[in-house]
Amino acid sequence: MEALKKENKKLKWQLKMVEGGRRAGWASFYRCENERYDLAIKNIKLLKELEKNEGDLQLPNHIVNEIKELYEETRKCVECPITLEIIPKDMIVFSNCGHIYHRDSYAKLCATDNPICAICRRKVYPKKD
């Protein structure tokens, strides 16, 4: 009987550690996404400035094309996949599959009959407030 209690205590501790690790994993994910968002916004501002001044700089066409491609790729990191607009930092919400949405767009998506992620097509669930 004592051995069973000991084993039960050990299993509870292991479960607690796994749950803690999972929470730490998501915290790390959100921290990285937050940093990526900040860098993408800075990059977009820089690329817009470069694009605005491209005539003054007299850049070769291949550089101008690279800047435009980089701008579009960076924009995808911070735009809502539904509205295709840049999401303000305070309006970002993550789906259960880890993709970012504008809070209002995500709420509307979850209110549909068949809520699936616009990026990976997995079922999404409403956020609990």
# chains A, B, ... in the order shown; residues from 1 in each chain; ligands from 1
$ residues_around --residues "A:Glu51" --least-positions-apart "4" --cutoff "9 Å" --atoms "only C-alpha atoms" --output "JSON, numbers by chain"
{"A": [46, 47, 55, 64, 67, 68]}
$ write_last_selection --atoms "N, CA and C atoms" --output "JSON list (two decimals), in the first residue's frame"
[["chain", "number", "residue", "atom", "x", "y", "z"],
["A", 46, "LEU", "N", 10.85, 50.56, -42.23],
["A", 46, "LEU", "CA", 12.09, 50.79, -42.96],
["A", 46, "LEU", "C", 11.91, 50.57, -44.46],
["A", 47, "LEU", "N", 11.24, 49.49, -44.82],
["A", 47, "LEU", "CA", 11.02, 49.18, -46.23],
["A", 47, "LEU", "C", 10.12, 50.21, -46.91],
["A", 55, "GLY", "N", 13.55, 56.67, -55.76],
["A", 55, "GLY", "CA", 13.94, 57.54, -56.86],
["A", 55, "GLY", "C", 15.17, 58.36, -56.52],
["A", 64, "VAL", "N", 15.38, 47.09, -56.02],
["A", 64, "VAL", "CA", 14.01, 47.58, -55.80],
["A", 64, "VAL", "C", 13.05, 46.40, -55.71],
["A", 67, "ILE", "N", 13.44, 44.64, -52.39],
["A", 67, "ILE", "CA", 12.80, 45.41, -51.32],
["A", 67, "ILE", "C", 11.30, 45.16, -51.32],
["A", 68, "LYS", "N", 10.69, 45.18, -52.50],
["A", 68, "LYS", "CA", 9.24, 44.95, -52.59],
["A", 68, "LYS", "C", 8.87, 43.54, -52.14]]
$ select_by_dssp --residues "stretch 14-120 of chain A" --states "alpha helix (DSSP H)" --output "CSV table (one decimal) with C-alpha atoms, in the first residue's frame"
chain,number,residue,atom,x,y,z
A,14,GLN,CA,5.6,14.0,-13.2
A,15,LEU,CA,2.2,15.2,-14.4
A,16,LYS,CA,2.7,18.6,-12.7
A,17,MET,CA,6.1,18.9,-14.4
A,18,VAL,CA,4.7,18.1,-17.8
A,19,GLU,CA,2.0,20.7,-17.4
A,20,GLY,CA,4.5,23.3,-16.3
A,21,GLY,CA,6.7,22.5,-19.2
A,22,ARG,CA,3.8,22.8,-21.6
A,23,ARG,CA,2.9,26.2,-20.1
A,24,ALA,CA,6.6,27.3,-20.3
A,25,GLY,CA,6.6,26.1,-24.0
A,26,TRP,CA,3.6,28.3,-24.9
A,27,ALA,CA,5.0,31.2,-22.9
A,28,SER,CA,8.2,30.9,-24.9
A,29,PHE,CA,6.2,30.7,-28.2
A,30,TYR,CA,4.3,33.9,-27.4
A,31,ARG,CA,7.4,35.7,-26.3
A,32,CYS,CA,9.1,34.8,-29.7
A,33,GLU,CA,6.0,35.8,-31.6
A,34,ASN,CA,5.9,39.1,-29.8
A,35,GLU,CA,9.5,39.8,-30.7
A,36,ARG,CA,8.9,38.7,-34.3
A,37,TYR,CA,6.0,41.1,-34.5
A,38,ASP,CA,8.1,44.0,-33.2
A,39,LEU,CA,10.9,43.3,-35.7
A,40,ALA,CA,8.4,42.9,-38.6
A,41,ILE,CA,6.8,46.2,-37.8
A,42,LYS,CA,10.2,47.9,-37.7
A,43,ASN,CA,11.2,46.2,-40.9
A,44,ILE,CA,7.9,47.3,-42.7
A,45,LYS,CA,8.5,51.0,-41.6
A,46,LEU,CA,12.1,50.8,-43.0
A,47,LEU,CA,11.0,49.2,-46.2
A,48,LYS,CA,8.3,51.8,-46.7
A,49,GLU,CA,10.8,54.5,-46.2
A,50,LEU,CA,13.2,52.9,-48.7
A,51,GLU,CA,10.4,52.5,-51.2
A,52,LYS,CA,9.4,56.1,-50.8
A,54,GLU,CA,13.9,54.8,-54.2
A,55,GLY,CA,13.9,57.5,-56.9
A,56,ASP,CA,16.4,59.6,-54.8
A,57,LEU,CA,18.6,56.7,-54.1
A,61,ASN,CA,15.9,47.4,-60.5
A,62,HIS,CA,16.8,44.0,-58.9
A,63,ILE,CA,17.4,45.8,-55.5
A,64,VAL,CA,14.0,47.6,-55.8
A,65,ASN,CA,12.3,44.2,-56.6
A,66,GLU,CA,14.1,42.6,-53.6
A,67,ILE,CA,12.8,45.4,-51.3
A,68,LYS,CA,9.2,44.9,-52.6
A,69,GLU,CA,9.4,41.2,-52.1
A,70,LEU,CA,10.8,41.6,-48.6
A,71,TYR,CA,8.1,44.0,-47.8
A,72,GLU,CA,5.4,41.6,-48.9
A,73,GLU,CA,6.9,38.7,-47.0
A,74,THR,CA,7.3,40.7,-43.8
A,75,ARG,CA,3.8,42.0,-44.1
A,76,LYS,CA,2.5,38.4,-44.0
A,77,CYS,CA,4.0,38.0,-40.5
A,78,VAL,CA,1.8,40.7,-39.0
A,103,ARG,CA,-9.3,39.8,-32.4
A,104,ASP,CA,-12.6,40.8,-34.2
A,105,SER,CA,-11.9,38.6,-37.2
A,106,TYR,CA,-11.1,35.7,-35.0
A,107,ALA,CA,-14.4,36.2,-33.1
A,108,LYS,CA,-16.4,36.3,-36.3
A,109,LEU,CA,-14.5,33.2,-37.6
A,110,CYS,CA,-15.3,31.2,-34.4
$ atom_distance --atom1 "atom CA of A:Val124" --atom2 "atom CA of A:Cys97"
7.4 Å
$ atom_distance --atom1 "atom CA of A:Ile87" --atom2 "atom CA of A:Pro126"
18.5 Å
